[in-house]
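Trainee: Below is start35.csv; it holds CSV, C-alpha atoms and all ligand atoms.
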```
chain,number,residue,atom,x,y,z
A,42,MET,CA,86.2,19.9,45.1
A,43,GLY,CA,87.7,22.8,47.0
A,44,LEU,CA,87.2,23.2,50.7
A,45,GLU,CA,85.6,26.5,51.6
A,46,THR,CA,87.5,28.3,54.3
A,47,ILE,CA,85.3,29.0,57.3
A,48,LEU,CA,85.5,32.7,58.1
A,49,ARG,CA,85.7,33.6,61.8
A,50,LEU,CA,85.7,36.8,63.6
A,51,PRO,CA,89.0,37.6,65.4
A,52,VAL,CA,88.8,36.4,69.0
A,53,ILE,CA,90.3,38.6,71.7
A,54,ASP,CA,90.7,37.5,75.3
A,55,PHE,CA,89.8,40.3,77.8
A,56,ASN,CA,89.7,38.0,80.8
A,57,SER,CA,91.7,39.5,83.8
A,58,LEU,CA,91.8,43.0,82.2
A,59,ASP,CA,90.2,46.0,83.9
A,60,LEU,CA,90.0,49.7,83.3
A,61,GLU,CA,93.0,50.4,85.5
A,62,SER,CA,95.1,49.0,82.5
A,63,LYS,CA,97.9,47.9,84.8
A,64,ASN,CA,97.9,44.3,83.6
A,65,PRO,CA,100.9,43.6,81.3
A,66,LYS,CA,98.5,42.0,78.9
A,67,TRP,CA,97.0,45.4,78.1
A,68,GLY,CA,99.4,46.3,75.3
A,69,GLU,CA,99.2,43.0,73.6
A,70,VAL,CA,95.4,43.0,73.7
A,71,LYS,CA,95.3,46.5,72.4
A,72,SER,CA,97.3,45.6,69.3
A,73,GLN,CA,94.9,42.7,68.7
A,74,VAL,CA,92.0,45.2,69.0
A,75,HIS,CA,93.7,47.5,66.5
A,76,LYS,CA,94.2,44.8,63.9
A,77,ALA,CA,90.6,43.5,64.3
A,78,LEU,CA,89.1,46.9,63.9
A,79,GLU,CA,91.1,47.4,60.7
A,80,GLU,CA,89.9,44.1,59.4
A,81,CYS,CA,86.2,44.4,60.0
A,82,GLY,CA,85.4,47.0,62.7
A,83,CYS,CA,84.4,44.1,64.9
A,84,PHE,CA,85.7,41.2,67.0
A,85,GLU,CA,84.6,38.5,69.4
A,86,ALA,CA,85.6,39.3,73.0
A,87,LEU,CA,86.0,36.8,75.8
A,88,PHE,CA,85.0,38.5,79.1
A,89,ASP,CA,84.4,36.4,82.1
A,90,LYS,CA,83.6,39.3,84.5
A,91,VAL,CA,80.0,38.8,83.5
A,92,PRO,CA,79.3,35.5,85.3
A,93,LEU,CA,77.6,32.6,83.4
A,94,ASP,CA,74.8,32.5,86.0
A,95,LEU,CA,74.0,36.1,85.2
A,96,ARG,CA,73.8,35.4,81.5
A,97,LYS,CA,71.4,32.5,82.3
A,98,SER,CA,69.2,34.7,84.6
A,99,LEU,CA,69.1,37.3,81.9
A,100,PHE,CA,67.8,34.8,79.4
A,101,VAL,CA,65.0,33.9,81.8
A,102,VAL,CA,63.8,37.5,82.4
A,103,VAL,CA,64.2,38.4,78.7
A,104,LYS,CA,62.0,35.4,77.7
A,105,GLU,CA,59.4,36.5,80.2
A,106,LEU,CA,59.6,40.0,78.8
A,107,PHE,CA,58.8,38.9,75.2
A,108,ASP,CA,56.1,36.5,76.4
A,109,LEU,CA,54.1,39.5,77.7
A,110,PRO,CA,51.0,40.5,75.7
A,111,LEU,CA,51.8,42.9,72.8
A,112,GLN,CA,49.8,45.8,74.4
A,113,THR,CA,51.9,45.5,77.6
A,114,LYS,CA,55.2,45.5,75.7
A,115,GLN,CA,54.0,48.6,73.8
A,116,ARG,CA,53.8,50.5,77.1
A,117,ASN,CA,57.6,50.7,76.9
A,118,VAL,CA,58.0,54.1,75.2
A,119,SER,CA,61.1,56.2,75.2
A,120,GLU,CA,61.8,59.9,74.7
A,121,THR,CA,64.5,58.9,72.2
A,122,GLN,CA,63.1,57.7,68.9
A,123,PHE,CA,63.3,53.9,68.5
A,124,HIS,CA,64.6,53.2,72.0
A,125,GLY,CA,61.3,51.8,73.1
A,126,TYR,CA,59.4,48.7,71.8
A,127,LEU,CA,59.7,47.8,68.1
A,128,GLY,CA,58.0,45.0,66.3
A,129,GLN,CA,55.4,43.9,63.8
A,130,HIS,CA,57.2,45.6,60.9
A,131,PRO,CA,56.2,44.1,57.5
A,132,ASN,CA,59.8,44.3,56.2
A,133,VAL,CA,61.2,42.3,59.2
A,134,PRO,CA,58.3,40.2,60.4
A,135,LEU,CA,60.5,38.0,62.6
A,136,TYR,CA,62.0,40.9,64.5
A,137,GLU,CA,60.9,42.4,67.9
A,138,SER,CA,63.0,44.5,70.3
A,139,LEU,CA,62.7,46.4,73.4
A,140,GLY,CA,65.1,49.1,74.7
A,141,ILE,CA,65.9,50.4,78.2
A,142,ASP,CA,67.7,53.7,78.5
A,143,ASP,CA,70.3,53.9,81.3
A,144,ALA,CA,69.9,50.2,82.0
A,145,ASN,CA,72.9,50.3,84.3
A,146,VAL,CA,70.9,52.5,86.7
A,147,LEU,CA,68.6,50.4,88.9
A,148,GLU,CA,65.8,53.1,89.3
A,149,LYS,CA,65.5,53.3,85.5
A,150,VAL,CA,65.0,49.6,85.1
A,151,GLU,CA,62.6,49.5,88.0
A,152,SER,CA,60.5,52.2,86.4
A,153,LEU,CA,60.1,49.9,83.4
A,154,GLU,CA,59.4,46.9,85.7
A,155,ASN,CA,56.6,48.9,87.3
A,156,THR,CA,55.1,49.7,83.9
A,157,LEU,CA,55.2,46.1,82.7
A,158,TRP,CA,54.5,44.3,86.0
A,159,PRO,CA,52.5,46.5,88.3
A,160,GLU,CA,52.6,43.6,90.8
A,161,GLY,CA,56.4,43.7,90.8
A,162,TYR,CA,59.2,41.5,89.3
A,163,PRO,CA,62.3,42.5,91.3
A,164,SER,CA,64.6,39.9,89.7
A,165,PHE,CA,63.9,41.5,86.3
A,166,SER,CA,65.4,44.9,87.4
A,167,LYS,CA,68.2,43.4,89.4
A,168,THR,CA,69.4,41.1,86.7
A,169,ILE,CA,69.3,43.7,83.9
A,170,GLN,CA,71.0,46.3,86.0
A,171,ALA,CA,73.8,44.0,87.1
A,172,PHE,CA,74.3,42.6,83.5
A,173,SER,CA,74.4,46.2,82.0
A,174,GLU,CA,76.8,47.5,84.6
A,175,GLN,CA,79.2,44.6,84.4
A,176,LEU,CA,79.2,44.5,80.6
A,177,SER,CA,79.7,48.3,80.5
A,178,GLU,CA,83.3,47.7,81.8
A,179,LEU,CA,84.1,45.8,78.5
A,180,ASP,CA,82.7,48.7,76.5
A,181,GLN,CA,84.9,51.2,78.5
A,182,ILE,CA,88.0,49.0,78.2
A,183,VAL,CA,87.6,48.9,74.4
A,184,ARG,CA,86.9,52.6,74.1
A,185,LYS,CA,90.0,53.4,76.3
A,186,MET,CA,92.1,51.2,74.1
A,187,VAL,CA,90.8,52.8,70.9
A,188,LEU,CA,91.6,56.3,72.2
A,189,GLU,CA,95.1,55.1,73.0
A,190,ILE,CA,95.5,53.5,69.6
A,191,LEU,CA,94.5,56.8,68.0
A,192,GLY,CA,96.9,58.7,70.3
A,193,VAL,CA,94.1,60.9,71.8
A,194,GLU,CA,93.8,59.6,75.3
A,195,LYS,CA,93.8,63.1,76.7
A,196,TYR,CA,90.1,63.2,75.6
A,197,LEU,CA,89.3,60.0,77.7
A,198,ASP,CA,87.5,61.7,80.6
A,199,GLU,CA,85.4,63.9,78.3
A,200,HIS,CA,84.6,61.0,76.0
A,201,MET,CA,83.5,58.7,78.9
A,202,ASN,CA,81.6,61.4,80.7
A,203,SER,CA,79.6,62.3,77.7
A,204,THR,CA,78.1,58.9,77.1
A,205,ASN,CA,75.0,56.9,78.2
A,206,TYR,CA,74.0,53.3,77.8
A,207,LEU,CA,71.0,51.8,76.1
A,208,MET,CA,70.3,48.1,76.6
A,209,ARG,CA,68.2,46.5,73.9
A,210,PHE,CA,66.8,43.0,73.8
A,211,MET,CA,65.9,41.3,70.6
A,212,LYS,CA,63.7,38.3,69.7
A,213,TYR,CA,63.7,36.8,66.2
A,214,SER,CA,60.9,34.3,65.8
A,215,ALA,CA,61.7,31.0,64.2
A,216,PRO,CA,61.1,31.0,60.4
A,217,GLN,CA,60.2,27.3,60.4
A,218,THR,CA,62.4,26.7,57.3
A,219,GLU,CA,65.9,25.8,56.5
A,220,ASP,CA,66.0,28.6,53.8
A,221,ALA,CA,67.6,31.6,55.5
A,222,GLU,CA,65.1,34.4,56.2
A,223,LEU,CA,65.9,38.0,57.2
A,224,GLY,CA,65.9,38.7,60.9
A,225,VAL,CA,67.2,42.2,60.6
A,226,ASN,CA,68.5,44.1,57.5
A,227,SER,CA,72.2,44.8,56.9
A,228,HIS,CA,73.0,48.0,58.7
A,229,THR,CA,75.6,49.8,60.8
A,230,ASP,CA,74.7,51.0,64.3
A,231,LYS,CA,74.4,54.7,64.9
A,232,ASN,CA,75.9,54.9,68.4
A,233,LEU,CA,79.6,54.6,69.5
A,234,VAL,CA,80.3,50.9,70.4
A,235,THR,CA,77.9,48.0,70.4
A,236,THR,CA,78.4,44.9,72.6
A,237,LEU,CA,76.2,42.0,71.7
A,238,CYS,CA,75.4,38.8,73.6
A,239,GLN,CA,73.6,35.8,72.1
A,240,LEU,CA,71.3,34.5,74.9
A,241,ASN,CA,70.0,31.1,73.9
A,242,GLY,CA,72.7,29.5,71.6
A,243,ILE,CA,70.8,30.2,68.4
A,244,SER,CA,73.1,31.7,65.7
A,245,GLY,CA,72.1,34.2,63.1
A,246,LEU,CA,74.3,37.3,63.5
A,247,GLU,CA,76.5,37.9,60.4
A,248,ILE,CA,79.2,40.6,60.1
A,249,GLU,CA,80.6,41.8,56.8
A,250,ASN,CA,84.4,41.9,56.6
A,251,LYS,CA,86.4,44.3,54.5
A,252,ASP,CA,86.4,41.9,51.5
A,253,GLY,CA,82.6,42.0,51.5
A,254,LYS,CA,82.2,38.5,52.8
A,255,TRP,CA,79.7,37.6,55.5
A,256,ILE,CA,81.0,36.0,58.7
A,257,THR,CA,78.6,34.1,60.8
A,258,TYR,CA,79.2,34.6,64.5
A,259,ARG,CA,79.6,31.3,66.3
A,260,PRO,CA,80.7,31.9,69.9
A,261,SER,CA,84.0,30.2,70.7
A,262,SER,CA,83.3,30.3,74.4
A,263,PRO,CA,80.4,30.7,76.8
A,264,HIS,CA,82.0,34.0,77.9
A,265,SER,CA,81.8,35.4,74.3
A,266,PHE,CA,80.4,38.8,73.2
A,267,VAL,CA,80.6,40.6,69.9
A,268,VAL,CA,82.0,44.1,70.0
A,269,MET,CA,81.6,46.5,67.1
A,270,ILE,CA,82.3,50.0,66.1
A,271,ALA,CA,79.3,52.2,65.2
A,272,ASP,CA,78.8,55.3,63.2
A,273,SER,CA,79.3,58.0,65.9
A,274,PHE,CA,82.7,56.5,66.8
A,275,HIS,CA,83.6,56.4,63.1
A,276,ALA,CA,82.7,60.1,62.8
A,277,TRP,CA,84.5,61.0,66.1
A,278,SER,CA,87.6,59.2,64.9
A,279,ASN,CA,87.4,61.2,61.6
A,280,GLY,CA,87.1,58.0,59.6
A,281,ARG,CA,90.1,56.2,61.3
A,282,LEU,CA,87.6,53.6,62.5
A,283,SER,CA,85.0,51.9,60.3
A,284,SER,CA,81.7,50.8,61.5
A,285,ALA,CA,80.7,47.2,60.9
A,286,PHE,CA,77.9,46.2,58.6
A,287,HIS,CA,75.9,43.4,60.1
A,288,ARG,CA,72.6,41.6,59.8
A,289,VAL,CA,70.7,38.7,61.3
A,290,MET,CA,69.6,35.7,59.1
A,291,MET,CA,67.3,33.1,60.7
A,292,THR,CA,66.7,29.4,59.9
A,293,GLY,CA,65.1,26.5,61.8
A,294,ASN,CA,62.4,26.1,64.4
A,295,GLU,CA,63.7,27.9,67.4
A,296,ALA,CA,63.5,31.6,68.2
A,297,ARG,CA,66.7,33.6,68.8
A,298,TYR,CA,67.2,35.9,71.7
A,299,SER,CA,70.0,38.4,72.0
A,300,ALA,CA,71.0,41.5,74.1
A,301,GLY,CA,72.9,44.5,73.0
A,302,LEU,CA,74.6,47.2,75.1
A,303,PHE,CA,74.9,50.4,73.1
A,304,SER,CA,77.1,53.3,74.3
A,305,PHE,CA,76.0,56.5,72.7
A,306,PRO,CA,76.7,60.3,73.2
A,307,LYS,CA,74.3,62.1,75.5
A,308,ALA,CA,71.7,64.4,74.0
A,309,GLY,CA,73.1,67.9,73.5
A,310,TYR,CA,76.7,66.7,73.3
A,311,MET,CA,78.3,67.6,70.0
A,312,ILE,CA,80.3,64.8,68.4
A,313,LYS,CA,83.4,66.5,66.9
A,314,ALA,CA,86.6,64.8,65.7
A,315,PRO,CA,89.6,65.9,67.9
A,316,GLU,CA,91.9,68.4,66.1
A,317,GLU,CA,94.7,65.8,66.4
A,318,LEU,CA,92.8,63.6,64.0
A,319,VAL,CA,92.3,66.2,61.3
A,320,ASP,CA,95.2,67.1,58.9
A,321,GLU,CA,95.9,67.5,55.2
A,322,GLU,CA,96.0,63.8,54.7
A,323,HIS,CA,92.8,63.3,56.8
A,324,PRO,CA,90.5,66.3,56.1
A,325,LEU,CA,87.5,66.7,58.3
A,326,LEU,CA,84.7,64.2,57.2
A,327,TYR,CA,81.7,65.3,59.3
A,328,ARG,CA,80.6,68.6,60.8
A,329,PRO,CA,80.0,68.4,64.6
A,330,PHE,CA,76.6,66.8,65.3
A,331,ASP,CA,74.2,65.9,68.1
A,332,HIS,CA,73.6,62.1,68.1
A,333,VAL,CA,69.9,62.4,69.1
A,334,GLU,CA,69.2,65.0,66.4
A,335,PHE,CA,70.9,62.7,63.9
A,336,LEU,CA,68.7,59.8,65.0
A,337,LYS,CA,65.6,62.0,64.3
A,338,TYR,CA,66.9,62.6,60.8
A,339,PHE,CA,67.9,58.9,60.3
A,340,TYR,CA,64.3,57.7,60.7
A,341,THR,CA,62.9,60.0,58.0
A,342,GLU,CA,61.9,59.0,54.5
A,343,GLU,CA,64.7,61.2,53.1
A,344,ALA,CA,67.4,59.5,55.1
A,345,ARG,CA,66.1,56.1,54.0
A,346,ARG,CA,66.9,57.0,50.4
A,347,GLN,CA,70.5,57.9,51.2
A,348,LYS,CA,73.4,55.4,50.9
A,349,CYS,CA,75.1,56.9,54.0
A,350,ALA,CA,72.7,58.8,56.2
A,351,LEU,CA,75.5,60.3,58.3
A,352,LYS,CA,77.2,61.7,55.2
A,353,ALA,CA,73.9,63.2,54.0
A,354,TYR,CA,73.2,64.7,57.4
A,355,CYS,CA,76.6,66.3,58.3
A,356,GLY,CA,79.2,65.2,55.7
A,357,VAL,CA,81.7,67.9,54.7
A,401,LIG,O1,70.6,40.5,67.5
A,401,LIG,C1,71.7,40.7,67.1
A,401,LIG,O2,72.6,39.8,67.3
A,401,LIG,C2,72.0,41.9,66.4
A,401,LIG,C3,71.1,43.1,66.7
A,401,LIG,C4,71.5,44.4,66.0
A,401,LIG,O3,72.2,44.4,65.1
A,401,LIG,C5,71.0,45.7,66.6
A,401,LIG,O4,70.1,45.7,67.5
A,401,LIG,O5,71.4,46.8,66.1
A,402,FE,FE,72.9,46.5,64.8
```
Re-express the file's structure as structure tokens.
Mentor:
Amino acid sequence: MGLETILRLPVIDFNSLDLESKNPKWGEVKSQVHKALEECGCFEALFDKVPLDLRKSLFVVVKELFDLPLQTKQRNVSETQFHGYLGQHPNVPLYESLGIDDANVLEKVESLENTLWPEGYPSFSKTIQAFSEQLSELDQIVRKMVLEILGVEKYLDEHMNSTNYLMRFMKYSAPQTEDAELGVNSHTDKNLVTTLCQLNGISGLEIENKDGKWITYRPSSPHSFVVMIADSFHAWSNGRLSSAFHRVMMTGNEARYSAGLFSFPKAGYMIKAPEELVDEEHPLLYRPFDHVEFLKYFYTEEARRQKCALKAYCGV
């Protein structure tokens, strides 16, 4: 009887790194990022700048959030499609999620707090803002490394200044069975970079590697996050980066809670591959596009029929 190799995500230690990039570890970590992104567009990052206490407090407020009555959660609406409350979908009955645009800005989270708890719940806003801000440093370190890997760091300021953050919380109800049930379908994200955090120790996230094998994410440290490349960064890099296909499969009797920080281009900013990344060997893959306009297309019936919605929308 052959032993099955247990597939793991590459683990990369970002502890003690910061955006200043003066740490001698920077180059070594960058080459690990390069290799991991080539393997599966994704890796596990260890990042202790987000304290464990903050992760624990986040779980407390997120649980309170999902425990609210459905009508209250549905008050969370967003100008951007699908950034508000989602749930009760017949195809993914276990899934519920709630997004907060610009969650790194305290007033933005407070405005949601006032909508959901008119009597006030200040630790909700403080916890979410602090978590988003501290985690956004990891997102920025990764994006800076990627621009260096691609040799286009001259675009760094433009790239960083043209992005916003969405924080989204997910709850997957327990299926009450040991047969795996779908939490969320296999997909790639549409933004730039996604950073995920499992909040209550219940596994379920799976990532597809380049051999088409599903890797179950099992955190190797309490400071663990999953970082993955999404479609807008794939397009901006003119296909040098691939976005990671992932899904959530649930088993057992306990609900799973997770948090995702999504960096994405601001509305009105045209995503366009730098000319340095376009040549005879690498012809332009996508016409310049506005991420928010693409999202509107992505949620149409026509887009759902496409194998790759981005290609159908603006492929050359
Ligand atoms: O909950 C997770 O771990 C994954 C969520 C996800 O893929 C998403 O929100 O796009
Ligand atoms: Fe996703």
Trainee: So, counting all atoms listed in the file, which residue among A:Lys149, A:His124, A:Arg184, A:Lys348 is closest to Arg209 in chain A?
Mentor: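 Looking only at the distances to Arg209 in chain A, the closest residue turns out to be A:His124.
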Trainee: Using all atoms listed in the file, pick whichever of A:Val146, A:Leu197, A:Ala276, A:Leu135 has the shortest atom-to-atom distance to Val225 in chain A.
Mentor: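 Checking each candidate against Val225 in chain A, we get A:Leu135 as the closest.
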Trainee: Using all atoms listed in the file, which of the listed residues (A:Glu322, A:Glu105, A:Asp180, A:Glu342) sits closest to Glu154 in chain A?
Mentor: A:Glu105
Trainee: Each residue of chain A lying at most 12 Å from ligand FE 402 (chain A) should get a row with its shortest atom-to-atom pair and the distance in Å to one decimal, counting all atoms listed in the file; could you produce that, ordered by chain and increasing number, as JSON lines?
Mentor:
```
{"residue": "A:Cys83", "atom": "CA", "partner": "A:FE402", "partner_atom": "FE", "distance": 11.7}
{"residue": "A:Ser138", "atom": "CA", "partner": "A:FE402", "partner_atom": "FE", "distance": 11.5}
{"residue": "A:Arg209", "atom": "CA", "partner": "A:FE402", "partner_atom": "FE", "distance": 10.2}
{"residue": "A:Phe210", "atom": "CA", "partner": "A:FE402", "partner_atom": "FE", "distance": 11.4}
{"residue": "A:Met211", "atom": "CA", "partner": "A:FE402", "partner_atom": "FE", "distance": 10.5}
{"residue": "A:Gly224", "atom": "CA", "partner": "A:FE402", "partner_atom": "FE", "distance": 11.2}
{"residue": "A:Val225", "atom": "CA", "partner": "A:FE402", "partner_atom": "FE", "distance": 8.3}
{"residue": "A:Asn226", "atom": "CA", "partner": "A:FE402", "partner_atom": "FE", "distance": 8.9}
{"residue": "A:Ser227", "atom": "CA", "partner": "A:FE402", "partner_atom": "FE", "distance": 8.1}
{"residue": "A:His228", "atom": "CA", "partner": "A:FE402", "partner_atom": "FE", "distance": 6.3}
{"residue": "A:Thr229", "atom": "CA", "partner": "A:FE402", "partner_atom": "FE", "distance": 5.8}
{"residue": "A:Asp230", "atom": "CA", "partner": "A:FE402", "partner_atom": "FE", "distance": 4.9}
{"residue": "A:Lys231", "atom": "CA", "partner": "A:FE402", "partner_atom": "FE", "distance": 8.3}
{"residue": "A:Asn232", "atom": "CA", "partner": "A:FE402", "partner_atom": "FE", "distance": 9.6}
{"residue": "A:Leu233", "atom": "CA", "partner": "A:FE402", "partner_atom": "FE", "distance": 11.5}
{"residue": "A:Val234", "atom": "CA", "partner": "A:FE402", "partner_atom": "FE", "distance": 10.3}
{"residue": "A:Thr235", "atom": "CA", "partner": "A:FE402", "partner_atom": "FE", "distance": 7.7}
{"residue": "A:Thr236", "atom": "CA", "partner": "A:FE402", "partner_atom": "FE", "distance": 9.7}
{"residue": "A:Leu237", "atom": "CA", "partner": "A:FE402", "partner_atom": "FE", "distance": 8.9}
{"residue": "A:Cys238", "atom": "CA", "partner": "A:FE402", "partner_atom": "FE", "distance": 12.0}
{"residue": "A:Leu246", "atom": "CA", "partner": "A:FE402", "partner_atom": "FE", "distance": 9.4}
{"residue": "A:Glu247", "atom": "CA", "partner": "A:FE402", "partner_atom": "FE", "distance": 10.3}
{"residue": "A:Ile248", "atom": "CA", "partner": "A:FE402", "partner_atom": "FE", "distance": 9.8}
{"residue": "A:Val267", "atom": "CA", "partner": "A:FE402", "partner_atom": "FE", "distance": 11.0}
{"residue": "A:Val268", "atom": "CA", "partner": "A:FE402", "partner_atom": "FE", "distance": 10.8}
{"residue": "A:Met269", "atom": "CA", "partner": "A:FE402", "partner_atom": "FE", "distance": 9.0}
{"residue": "A:Ile270", "atom": "CA", "partner": "A:FE402", "partner_atom": "FE", "distance": 10.1}
{"residue": "A:Ala271", "atom": "CA", "partner": "A:FE402", "partner_atom": "FE", "distance": 8.6}
{"residue": "A:Asp272", "atom": "CA", "partner": "A:FE402", "partner_atom": "FE", "distance": 10.7}
{"residue": "A:Ser284", "atom": "CA", "partner": "A:FE402", "partner_atom": "FE", "distance": 10.3}
{"residue": "A:Ala285", "atom": "CA", "partner": "A:FE402", "partner_atom": "FE", "distance": 8.7}
{"residue": "A:Phe286", "atom": "CA", "partner": "A:FE402", "partner_atom": "FE", "distance": 8.0}
{"residue": "A:His287", "atom": "CA", "partner": "A:FE402", "partner_atom": "FE", "distance": 6.4}
{"residue": "A:Arg288", "atom": "CA", "partner": "A:FE402", "partner_atom": "FE", "distance": 7.0}
{"residue": "A:Val289", "atom": "CA", "partner": "A:FE402", "partner_atom": "FE", "distance": 8.8}
{"residue": "A:Ser299", "atom": "CA", "partner": "A:FE402", "partner_atom": "FE", "distance": 11.2}
{"residue": "A:Ala300", "atom": "CA", "partner": "A:FE402", "partner_atom": "FE", "distance": 10.7}
{"residue": "A:Gly301", "atom": "CA", "partner": "A:FE402", "partner_atom": "FE", "distance": 8.4}
{"residue": "A:Leu302", "atom": "CA", "partner": "A:FE402", "partner_atom": "FE", "distance": 10.5}
{"residue": "A:Phe303", "atom": "CA", "partner": "A:FE402", "partner_atom": "FE", "distance": 9.4}
```
Trainee: Counting only C-alpha atoms, figure out which residue out of A:Phe172, A:Lys307, A:Ile182, A:Val91 gets nearest to Leu58 in chain A.
Mentor: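 For Leu58 in chain A, the nearest of the candidates is A:Ile182.
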Trainee: Find the spatial neighbours of Trp277 in chain A, counting all atoms listed in the file, within a cut-off of 12 Å - ignore same-chain residues fewer than 6 positions away - and output them as a count of residues only.
Mentor: 35
Trainee: Record the distance separating CA of Ser62 in chain A and CA of Val183 in chain A, expressed in Å with one decimal.
Mentor: 11.0 Å
Trainee: Quick one: of A:Gln239, A:Ser166, A:Ser57, A:Thr257, who's nearest to ligand LIG 401 (chain A), counting all atoms listed in the file?
Mentor: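 Closest candidate: A:Gln239.
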Trainee: Write out as a list in words which residues come within 12 Å of Ser152 in chain A when counting all atoms listed in the file, dropping same-chain ones fewer than 6 positions away.
Mentor: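 Within the cut-off, the hits are Arg116, Asn117, Val118, Ser119, Ile141, Asp142, Asp143, Ala144, Val146, Trp158, Pro159, Gly161, Tyr162, Pro163, Phe165 and Ser166 of chain A.
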Trainee: Looking at A:Gly125, A:Glu120, A:Ser261, A:Ile190, which one is nearest to Lys76 in chain A, with distances taken over all atoms listed in the file?
Mentor: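 Once distances to Lys76 in chain A are computed over all atoms listed in the file, the minimum belongs to A:Ile190.
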Trainee: Select all residues near (59.9, 46.9, 77.2) (cut-off 6 Å, inclusive, file coordinates), counting only C-alpha atoms, and output them as JSON, numbers by chain.
Mentor: {"A": [114, 117, 126, 139]}
Trainee: Pull the closest atom pair for each residue of range 112-226 of chain A that gets at most 9 Å from range 87-90 of chain A, along with the distance in Å to one decimal, counting all atoms listed in the file, ordering rows by chain and then ascending residue number, as JSON lines.
Mentor:
```
{"residue": "A:Gln175", "atom": "CA", "partner": "A:Lys90", "partner_atom": "CA", "distance": 6.9}
{"residue": "A:Leu176", "atom": "CA", "partner": "A:Lys90", "partner_atom": "CA", "distance": 7.8}
{"residue": "A:Glu178", "atom": "CA", "partner": "A:Lys90", "partner_atom": "CA", "distance": 8.8}
{"residue": "A:Leu179", "atom": "CA", "partner": "A:Phe88", "partner_atom": "CA", "distance": 7.4}
```
Trainee: Please report the interatomic distance between CA of Glu334 in chain A and CA of His275 in chain A in Å with one decimal.
Mentor: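 Between CA of Glu334 in chain A and CA of His275 in chain A the gap works out to 17.1 Å.
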Trainee: Find the residues around Gln217 in chain A up to 12 Å (only C-alpha atoms counted), leave out those fewer than 2 positions away in its own chain, and share them as JSON, numbers by chain.
Mentor: {"A": [135, 213, 214, 215, 219, 220, 221, 222, 291, 292, 293, 294, 295, 296]}
Trainee: To one decimal place, how far is CA of Leu127 in chain A from CA of Glu85 in chain A in Å?
Mentor: 26.6 Å
